[in-house]
file final_24.txt (compact mmCIF, C-alpha atoms and all ligand atoms)
# COMPACT_ATOMS: atom_id res chain seq x y z
CA MET A 1 20.64 -26.35 19.90
CA THR A 2 19.86 -22.69 19.32
CA ARG A 3 17.52 -21.62 16.55
CA THR A 4 17.46 -18.91 13.93
CA ARG A 5 14.11 -17.10 14.07
CA ILE A 6 12.14 -14.47 12.21
CA HIS A 7 9.24 -12.67 13.90
CA ASN A 8 6.56 -10.17 12.92
CA LEU A 9 7.67 -10.05 9.28
CA SER A 10 4.80 -8.10 7.77
CA ILE A 11 4.04 -8.51 4.08
CA SER A 12 1.39 -7.26 1.71
CA LEU A 13 -0.91 -9.60 -0.20
CA ASP A 14 1.47 -9.30 -3.14
CA GLY A 15 4.48 -10.25 -1.01
CA PHE A 16 6.19 -6.91 -0.41
CA ALA A 17 7.78 -6.27 3.01
CA THR A 18 8.68 -2.67 2.26
CA GLY A 19 7.63 -0.09 -0.25
CA GLU A 20 9.47 1.70 -3.00
CA GLY A 21 11.28 4.97 -2.35
CA GLN A 22 12.87 4.41 1.07
CA ALA A 23 14.15 7.74 2.37
CA SER A 24 15.03 9.50 5.63
CA ASP A 25 11.44 10.77 5.90
CA ALA A 26 9.94 7.50 4.62
CA PRO A 27 11.67 4.45 6.20
CA MET A 28 9.32 2.09 4.37
CA GLY A 29 8.87 4.13 1.23
CA HIS A 30 5.37 4.46 -0.18
CA ALA A 31 4.15 1.70 2.17
CA GLY A 32 4.27 4.13 5.09
CA GLN A 33 3.15 2.40 8.31
CA ARG A 34 0.46 0.31 6.64
CA LEU A 35 2.36 -2.97 7.01
CA HIS A 36 2.73 -2.45 10.76
CA GLU A 37 -0.60 -0.96 11.79
CA TRP A 38 -1.67 -4.38 13.13
CA MET A 39 1.35 -4.41 15.46
CA ILE A 40 1.17 -0.78 16.56
CA ALA A 41 -2.37 -1.52 17.74
CA THR A 42 -1.12 -4.18 20.18
CA ARG A 43 0.30 -3.87 23.68
CA PHE A 44 3.62 -5.07 22.26
CA GLY A 45 3.67 -2.50 19.49
CA ALA A 46 2.14 0.59 21.08
CA PRO A 47 5.38 1.72 22.81
CA ILE A 48 7.19 1.64 19.45
CA VAL A 49 5.18 4.74 18.51
CA GLY A 50 5.16 6.22 22.01
CA ARG A 51 1.67 5.00 22.94
CA THR A 52 0.50 3.11 25.99
CA GLY A 53 -2.16 0.40 26.17
CA GLY A 54 -2.91 -1.64 23.10
CA THR A 55 -4.82 -4.81 22.33
CA VAL A 56 -4.00 -8.11 24.06
CA GLY A 57 -5.62 -10.57 21.65
CA VAL A 58 -4.28 -12.85 18.94
CA ASP A 59 -2.07 -10.21 17.30
CA ASP A 60 -0.40 -9.31 20.60
CA ALA A 61 0.19 -12.98 21.45
CA PHE A 62 2.10 -13.45 18.21
CA ALA A 63 3.93 -10.11 18.39
CA GLN A 64 5.24 -10.82 21.90
CA GLN A 65 7.19 -13.84 20.62
CA HIS A 66 9.69 -11.40 19.08
CA GLU A 67 11.75 -11.07 22.28
CA PRO A 68 11.93 -14.22 24.46
CA GLY A 69 15.07 -16.31 24.07
CA ILE A 70 16.77 -13.97 21.58
CA GLY A 71 20.46 -13.27 22.18
CA ALA A 72 21.39 -11.39 19.00
CA GLU A 73 19.79 -9.92 15.88
CA ILE A 74 21.02 -9.76 12.30
CA MET A 75 19.64 -6.96 10.12
CA GLY A 76 20.43 -5.54 6.70
CA ALA A 77 21.80 -2.14 5.82
CA GLY A 78 18.38 -1.24 4.44
CA LYS A 79 16.74 -1.69 7.83
CA PHE A 80 19.49 0.16 9.70
CA GLY A 81 19.08 3.39 7.79
CA PRO A 82 17.94 5.19 4.65
CA PRO A 83 19.88 4.81 1.38
CA SER A 84 23.48 6.06 1.76
CA TRP A 85 23.44 6.22 5.57
CA GLN A 86 26.99 4.91 5.25
CA ASP A 87 28.01 8.41 4.11
CA ASP A 88 26.93 9.82 7.50
CA ALA A 89 29.59 9.05 10.12
CA ASP A 90 27.14 10.00 12.91
CA TRP A 91 24.25 7.71 11.84
CA THR A 92 23.40 5.25 14.62
CA GLY A 93 20.09 3.87 13.29
CA TRP A 94 16.47 5.06 13.37
CA TRP A 95 15.84 4.26 17.00
CA GLY A 96 17.54 6.94 19.11
CA PRO A 97 20.01 6.35 21.96
CA ASN A 98 18.23 3.26 23.35
CA PRO A 99 17.27 0.99 20.42
CA PRO A 100 14.63 -1.69 21.03
CA PHE A 101 16.94 -4.67 20.44
CA HIS A 102 18.80 -4.82 23.79
CA THR A 103 21.26 -7.41 22.42
CA PRO A 104 24.27 -7.45 20.13
CA THR A 105 22.98 -6.60 16.66
CA VAL A 106 24.86 -7.46 13.48
CA VAL A 107 24.28 -5.02 10.62
CA LEU A 108 25.17 -6.54 7.26
CA THR A 109 26.73 -3.93 4.99
CA HIS A 110 29.31 -3.81 2.25
CA ARG A 111 30.70 -0.69 3.96
CA PRO A 112 31.38 -1.77 7.55
CA ARG A 113 32.47 0.62 10.30
CA PRO A 114 33.55 0.20 13.95
CA SER A 115 30.99 -1.18 16.41
CA ILE A 116 28.71 1.27 18.25
CA GLU A 117 27.61 0.59 21.82
CA MET A 118 24.17 2.08 22.52
CA GLU A 119 22.14 2.39 25.73
CA GLY A 120 20.06 -0.53 26.93
CA GLY A 121 22.29 -3.40 25.82
CA THR A 122 22.27 -2.89 22.05
CA THR A 123 25.67 -2.89 20.36
CA PHE A 124 25.72 -2.57 16.58
CA HIS A 125 28.42 -4.64 14.87
CA PHE A 126 28.90 -3.99 11.15
CA LEU A 127 29.82 -6.95 9.00
CA ASP A 128 30.46 -7.68 5.34
CA ALA A 129 29.98 -11.44 5.25
CA ALA A 130 27.92 -14.21 3.64
CA PRO A 131 24.79 -15.30 5.56
CA ALA A 132 26.35 -18.44 7.09
CA GLU A 133 29.39 -16.51 8.28
CA ALA A 134 27.21 -13.73 9.68
CA LEU A 135 25.12 -16.30 11.53
CA ASP A 136 28.25 -17.82 13.07
CA ALA A 137 29.30 -14.35 14.23
CA ALA A 138 25.85 -13.62 15.69
CA ARG A 139 25.77 -16.99 17.49
CA GLY A 140 29.11 -16.11 19.02
CA LEU A 141 27.55 -12.93 20.40
CA ALA A 142 24.21 -14.45 21.47
CA ASP A 143 25.33 -16.00 24.76
CA GLY A 144 23.77 -19.39 23.97
CA ARG A 145 20.40 -17.96 22.94
CA ASP A 146 18.62 -17.81 19.57
CA VAL A 147 19.46 -15.43 16.74
CA ARG A 148 16.71 -13.34 15.17
CA ILE A 149 16.87 -12.33 11.52
CA GLY A 150 15.30 -8.89 11.79
CA GLY A 151 14.94 -8.06 8.10
CA GLY A 152 14.52 -6.37 5.78
CA PRO A 153 13.20 -8.54 3.00
CA THR A 154 16.48 -8.78 1.10
CA VAL A 155 18.27 -10.24 4.10
CA VAL A 156 15.33 -12.50 5.00
CA ARG A 157 15.27 -13.86 1.45
CA ASP A 158 19.03 -14.50 1.49
CA PHE A 159 18.87 -16.40 4.80
CA LEU A 160 15.88 -18.45 3.63
CA ALA A 161 17.67 -19.25 0.34
CA ALA A 162 20.72 -20.40 2.31
CA GLY A 163 18.53 -22.74 4.39
CA LEU A 164 19.46 -20.99 7.64
CA VAL A 165 16.01 -20.21 9.11
CA ASP A 166 14.43 -22.59 11.66
CA HIS A 167 11.30 -20.61 12.57
CA MET A 168 9.53 -17.82 10.73
CA HIS A 169 6.43 -15.82 11.66
CA VAL A 170 4.96 -13.92 8.71
CA VAL A 171 2.01 -11.55 9.00
CA GLN A 172 0.04 -11.11 5.81
CA VAL A 173 -1.64 -7.72 5.77
CA PRO A 174 -4.63 -7.31 3.43
CA ILE A 175 -3.19 -4.51 1.33
CA VAL A 176 -1.72 -4.51 -2.17
CA LEU A 177 1.48 -2.46 -2.43
CA GLY A 178 2.24 -3.12 -6.08
CA ARG A 179 5.93 -2.19 -5.73
CA GLY A 180 8.76 -2.38 -3.22
CA VAL A 181 10.98 -5.27 -2.09
CA ARG A 182 9.45 -8.75 -2.18
CA VAL A 183 10.28 -11.62 0.15
CA TRP A 184 9.42 -14.72 -1.84
CA ASP A 185 11.19 -14.22 -5.19
CA GLY A 186 13.48 -17.15 -6.01
CA LEU A 187 12.26 -19.25 -3.07
CA GLU A 188 10.22 -21.72 -5.12
CA ALA A 189 8.84 -24.65 -3.05
CA LEU A 190 10.08 -23.17 0.23
CA GLU A 191 6.95 -24.60 1.86
CA GLU A 192 8.23 -28.16 1.37
CA ASP A 193 10.87 -27.59 4.06
CA TYR A 194 8.49 -26.32 6.75
CA GLU A 195 5.47 -27.26 8.84
CA ILE A 196 3.12 -24.33 8.31
CA GLU A 197 0.26 -23.14 10.49
CA VAL A 198 -2.11 -20.30 9.66
CA VAL A 199 -4.24 -18.24 12.03
CA SER A 200 -6.68 -15.53 10.93
CA ALA A 201 -6.93 -12.67 13.40
CA PRO A 202 -10.04 -10.56 13.98
CA SER A 203 -7.99 -7.49 12.99
CA GLY A 204 -7.90 -8.77 9.40
CA VAL A 205 -4.28 -9.94 9.25
CA THR A 206 -3.22 -13.56 8.82
CA HIS A 207 -0.41 -15.05 10.90
CA LEU A 208 1.65 -17.80 9.26
CA THR A 209 4.28 -19.76 11.15
CA PHE A 210 6.93 -21.82 9.38
CA ASP A 211 8.81 -24.42 11.45
CA ARG A 212 11.57 -26.35 9.76
CA LYS A 213 10.74 -30.05 9.31
CA THR A 214 12.96 -32.25 11.40
CA SER A 215 13.33 -35.06 8.85
N1 LIG B 301 7.84 -5.61 6.81
C1 LIG B 301 8.63 -5.87 7.84
O1 LIG B 301 8.24 -6.59 8.78
C2 LIG B 301 10.01 -5.29 7.88
C3 LIG B 301 10.95 -5.77 8.78
C4 LIG B 301 12.22 -5.21 8.77
C5 LIG B 301 12.52 -4.18 7.89
N2 LIG B 301 11.56 -3.72 7.05
C6 LIG B 301 11.84 -2.66 6.06
O2 LIG B 301 12.57 -3.25 5.01
C7 LIG B 301 13.37 -2.25 4.38
C8 LIG B 301 14.79 -2.76 4.29
O3 LIG B 301 14.79 -3.95 3.52
P1 LIG B 301 15.68 -4.11 2.21
O4 LIG B 301 15.31 -5.39 1.59
O5 LIG B 301 15.55 -2.86 1.40
O6 LIG B 301 17.16 -4.11 2.81
P2 LIG B 301 17.81 -5.02 3.94
O7 LIG B 301 17.42 -6.44 3.75
O8 LIG B 301 17.59 -4.41 5.28
O9 LIG B 301 19.34 -4.80 3.61
C9 LIG B 301 19.87 -5.17 2.35
C10 LIG B 301 21.25 -4.53 2.27
O10 LIG B 301 22.09 -5.02 3.31
C11 LIG B 301 23.42 -5.16 2.83
N3 LIG B 301 23.71 -6.60 2.83
C12 LIG B 301 22.82 -7.62 2.74
N4 LIG B 301 23.43 -8.80 2.79
C13 LIG B 301 24.75 -8.53 2.94
C14 LIG B 301 25.89 -9.35 3.06
N5 LIG B 301 25.80 -10.69 3.04
N6 LIG B 301 27.10 -8.75 3.20
C15 LIG B 301 27.19 -7.39 3.22
N7 LIG B 301 26.13 -6.57 3.10
C16 LIG B 301 24.93 -7.13 2.96
C17 LIG B 301 23.44 -4.57 1.44
O11 LIG B 301 23.59 -3.16 1.61
P3 LIG B 301 24.90 -2.31 1.17
O12 LIG B 301 25.41 -2.92 -0.09
O13 LIG B 301 24.33 -0.92 1.01
O14 LIG B 301 25.86 -2.37 2.30
C18 LIG B 301 22.01 -4.83 0.99
O15 LIG B 301 21.60 -3.98 -0.05
C19 LIG B 301 13.21 -0.99 5.22
O16 LIG B 301 12.23 -0.18 4.62
C20 LIG B 301 12.70 -1.51 6.55
O17 LIG B 301 11.96 -0.54 7.25
C21 LIG B 301 10.32 -4.27 7.00
call {"tool": "encode", "arguments": {"input": "final_24.txt", "output": "structure tokens"}}
result
Amino acid sequence: MTRTRIHNLSISLDGFATGEGQASDAPMGHAGQRLHEWMIATRFGAPIVGRTGGTVGVDDAFAQQHEPGIGAEIMGAGKFGPPSWQDDADWTGWWGPNPPFHTPTVVLTHRPRPSIEMEGGTTFHFLDAAPAEALDAARGLADGRDVRIGGGPTVVRDFLAAGLVDHMHVVQVPIVLGRGVRVWDGLEALEEDYEIEVVSAPSGVTHLTFDRKTS
């Protein structure tokens, strides 16, 4: 049985996974890169910002789990581009000609458009569908492998609320954002459905893994 997984979801102490004021020059609004500094410092994350090297400790070990066994990603319109990217017929995402997904990638949007095939194995498919229907579509594209819910927080929250997430890795970053988009709202008692493990990293972040209880 394939699983639905979330990896490297970085949140502030007050539960925000992105800041306020997302824009073309501020993909995460006033949060800037602060939620992802832990990852950029690792061997996994350094290439994302064009660096080489990076740490190979606890943070890297968790970050590397993002890729293995994934056959498709689902992301929200808010991750794919800045507000109103749908008005730009040429917008193909933040990531340039060779996006870092390398699988079919379902973009949930209320304004779908034809699929876009990128370099490196990423094809963006645009879908206006409820979470369960989107997951069925992604499974159909995933070639028997797992589906990753790539964010942002609105989409993560919707998939958690629908009971569709089997494994989730959250990284709590010791900053207080105060405003933005929160993950946990409306998910009261979510912890009852999951086995949870917590690891504190020397970098100062805390890794939490949620694995759905089997009974
Ligand atoms: N902290 C992290 O680890 C992390 C990870 C990933 C992303 N991010 C950040 O999170 C931010 C984006 O998150 P977000 O919460 O603002 O937005 P999001 O979750 O990426 O996308 C939400 C939007 O997707 C569309 N959508 C969602 N569900 C849909 C459905 N069932 N059917 C059709 N359309 C649907 C809607 O857009 P429309 O109505 O406009 O179509 C909705 O407003 C970005 O700043 C990104 O950089 C952070």
call {"tool": "closest_residue", "arguments": {"input": "final_24.txt", "among": "A:His207, A:Arg212, A:Arg145, A:His7", "to": "ligand LIG 301 (chain B)", "atoms": "only C-alpha atoms and all ligand atoms"}}
result
A:His7
call {"tool": "residues_near_point", "arguments": {"input": "final_24.txt", "point": "(13.3, -9.3, 3.9)", "cutoff": "12 Å", "atoms": "only C-alpha atoms", "output": "PDB file with C-alpha atoms, in the coordinates of the input"}}
result
ATOM      1  CA  ILE A   6      12.140 -14.470  12.210  1.00  0.00           C
ATOM      2  CA  HIS A   7       9.240 -12.670  13.900  1.00  0.00           C
ATOM      3  CA  ASN A   8       6.560 -10.170  12.920  1.00  0.00           C
ATOM      4  CA  LEU A   9       7.670 -10.050   9.280  1.00  0.00           C
ATOM      5  CA  SER A  10       4.800  -8.100   7.770  1.00  0.00           C
ATOM      6  CA  ILE A  11       4.040  -8.510   4.080  1.00  0.00           C
ATOM      7  CA  GLY A  15       4.480 -10.250  -1.010  1.00  0.00           C
ATOM      8  CA  PHE A  16       6.190  -6.910  -0.410  1.00  0.00           C
ATOM      9  CA  ALA A  17       7.780  -6.270   3.010  1.00  0.00           C
ATOM     10  CA  THR A  18       8.680  -2.670   2.260  1.00  0.00           C
ATOM     11  CA  GLY A  19       7.630  -0.090  -0.250  1.00  0.00           C
ATOM     12  CA  ILE A  74      21.020  -9.760  12.300  1.00  0.00           C
ATOM     13  CA  MET A  75      19.640  -6.960  10.120  1.00  0.00           C
ATOM     14  CA  GLY A  76      20.430  -5.540   6.700  1.00  0.00           C
ATOM     15  CA  ALA A  77      21.800  -2.140   5.820  1.00  0.00           C
ATOM     16  CA  GLY A  78      18.380  -1.240   4.440  1.00  0.00           C
ATOM     17  CA  LYS A  79      16.740  -1.690   7.830  1.00  0.00           C
ATOM     18  CA  ILE A 149      16.870 -12.330  11.520  1.00  0.00           C
ATOM     19  CA  GLY A 150      15.300  -8.890  11.790  1.00  0.00           C
ATOM     20  CA  GLY A 151      14.940  -8.060   8.100  1.00  0.00           C
ATOM     21  CA  GLY A 152      14.520  -6.370   5.780  1.00  0.00           C
ATOM     22  CA  PRO A 153      13.200  -8.540   3.000  1.00  0.00           C
ATOM     23  CA  THR A 154      16.480  -8.780   1.100  1.00  0.00           C
ATOM     24  CA  VAL A 155      18.270 -10.240   4.100  1.00  0.00           C
ATOM     25  CA  VAL A 156      15.330 -12.500   5.000  1.00  0.00           C
ATOM     26  CA  ARG A 157      15.270 -13.860   1.450  1.00  0.00           C
ATOM     27  CA  ASP A 158      19.030 -14.500   1.490  1.00  0.00           C
ATOM     28  CA  PHE A 159      18.870 -16.400   4.800  1.00  0.00           C
ATOM     29  CA  LEU A 160      15.880 -18.450   3.630  1.00  0.00           C
ATOM     30  CA  ALA A 161      17.670 -19.250   0.340  1.00  0.00           C
ATOM     31  CA  MET A 168       9.530 -17.820  10.730  1.00  0.00           C
ATOM     32  CA  VAL A 170       4.960 -13.920   8.710  1.00  0.00           C
ATOM     33  CA  GLY A 180       8.760  -2.380  -3.220  1.00  0.00           C
ATOM     34  CA  VAL A 181      10.980  -5.270  -2.090  1.00  0.00           C
ATOM     35  CA  ARG A 182       9.450  -8.750  -2.180  1.00  0.00           C
ATOM     36  CA  VAL A 183      10.280 -11.620   0.150  1.00  0.00           C
ATOM     37  CA  TRP A 184       9.420 -14.720  -1.840  1.00  0.00           C
ATOM     38  CA  ASP A 185      11.190 -14.220  -5.190  1.00  0.00           C
TER      39      ASP A 185
END
call {"tool": "residues_around", "arguments": {"input": "final_24.txt", "residues": "segment 125-128 of chain A", "least_positions_apart": "3", "cutoff": "9 Å", "atoms": "only C-alpha atoms", "output": "compact mmCIF listing (two decimals) with C-alpha atoms, keeping the file's coordinate frame"}}
result
# COMPACT_ATOMS: atom_id res chain seq x y z
CA PRO A 104 24.27 -7.45 20.13
CA THR A 105 22.98 -6.60 16.66
CA VAL A 106 24.86 -7.46 13.48
CA VAL A 107 24.28 -5.02 10.62
CA LEU A 108 25.17 -6.54 7.26
CA THR A 109 26.73 -3.93 4.99
CA HIS A 110 29.31 -3.81 2.25
CA ARG A 111 30.70 -0.69 3.96
CA PRO A 112 31.38 -1.77 7.55
CA ARG A 113 32.47 0.62 10.30
CA PRO A 114 33.55 0.20 13.95
CA SER A 115 30.99 -1.18 16.41
CA ILE A 116 28.71 1.27 18.25
CA GLU A 117 27.61 0.59 21.82
CA ALA A 134 27.21 -13.73 9.68
call {"tool": "axis_aligned_box", "arguments": {"input": "final_24.txt", "around": "segment 24-34 of chain A", "padding_each_side": "3 Å", "output": "lines of an AutoDock Vina configuration file"}}
result
center_x = 7.7
center_y = 5.5
center_z = 4.1
size_x = 20.6
size_y = 16.5
size_z = 14.5
call {"tool": "closest_residue", "arguments": {"input": "final_24.txt", "among": "A:Gln65, A:Thr2, A:Thr214, A:Gln172", "to": "Val198 of chain A", "atoms": "all atoms listed in the file"}}
result
A:Gln172
call {"tool": "closest_residue", "arguments": {"input": "final_24.txt", "among": "A:Leu164, A:Met1, A:Leu190, A:Met39", "to": "Phe62 of chain A", "atoms": "all atoms listed in the file"}}
result
A:Met39
call {"tool": "atom_distance", "arguments": {"input": "final_24.txt", "atom1": "atom CA of His167 of chain A", "atom2": "atom CA of Ala129 of chain A"}}
result
22.1 Å
call {"tool": "residues_around", "arguments": {"input": "final_24.txt", "residues": "Ser200 of chain A", "least_positions_apart": "5", "cutoff": "12 Å", "atoms": "all atoms listed in the file", "output": "PDB file with C-alpha atoms, in the frame of the given file"}}
result
ATOM      1  CA  GLY A  57      -5.620 -10.570  21.650  1.00  0.00           C
ATOM      2  CA  VAL A  58      -4.280 -12.850  18.940  1.00  0.00           C
ATOM      3  CA  ASP A  59      -2.070 -10.210  17.300  1.00  0.00           C
ATOM      4  CA  PHE A  62       2.100 -13.450  18.210  1.00  0.00           C
ATOM      5  CA  VAL A 170       4.960 -13.920   8.710  1.00  0.00           C
ATOM      6  CA  VAL A 171       2.010 -11.550   9.000  1.00  0.00           C
ATOM      7  CA  GLN A 172       0.040 -11.110   5.810  1.00  0.00           C
ATOM      8  CA  VAL A 173      -1.640  -7.720   5.770  1.00  0.00           C
ATOM      9  CA  PRO A 174      -4.630  -7.310   3.430  1.00  0.00           C
ATOM     10  CA  VAL A 205      -4.280  -9.940   9.250  1.00  0.00           C
ATOM     11  CA  THR A 206      -3.220 -13.560   8.820  1.00  0.00           C
ATOM     12  CA  HIS A 207      -0.410 -15.050  10.900  1.00  0.00           C
ATOM     13  CA  LEU A 208       1.650 -17.800   9.260  1.00  0.00           C
ATOM     14  CA  THR A 209       4.280 -19.760  11.150  1.00  0.00           C
TER      15      THR A 209
END
call {"tool": "closest_residue", "arguments": {"input": "final_24.txt", "among": "A:Leu141, A:Ile196, A:Ile175, A:Ala162", "to": "Ala72 of chain A", "atoms": "only C-alpha atoms"}}
result
A:Leu141
call {"tool": "closest_residue", "arguments": {"input": "final_24.txt", "among": "A:Gly54, A:Gly45, A:Pro99, A:Pro131", "to": "ligand LIG 301 (chain B)", "atoms": "only C-alpha atoms and all ligand atoms"}}
result
A:Pro131
call {"tool": "closest_residue", "arguments": {"input": "final_24.txt", "among": "A:Leu35, A:Val56, A:Ala41, A:Val147", "to": "ligand LIG 301 (chain B)", "atoms": "only C-alpha atoms and all ligand atoms"}}
result
A:Leu35
call {"tool": "atom_distance", "arguments": {"input": "final_24.txt", "atom1": "atom CA of Asp211 of chain A", "atom2": "atom CA of Tyr194 of chain A"}}
result
5.1 Å
call {"tool": "atom_distance", "arguments": {"input": "final_24.txt", "atom1": "atom CA of Gln64 of chain A", "atom2": "atom C7 of ligand LIG 301 (chain B)"}}
result
21.1 Å
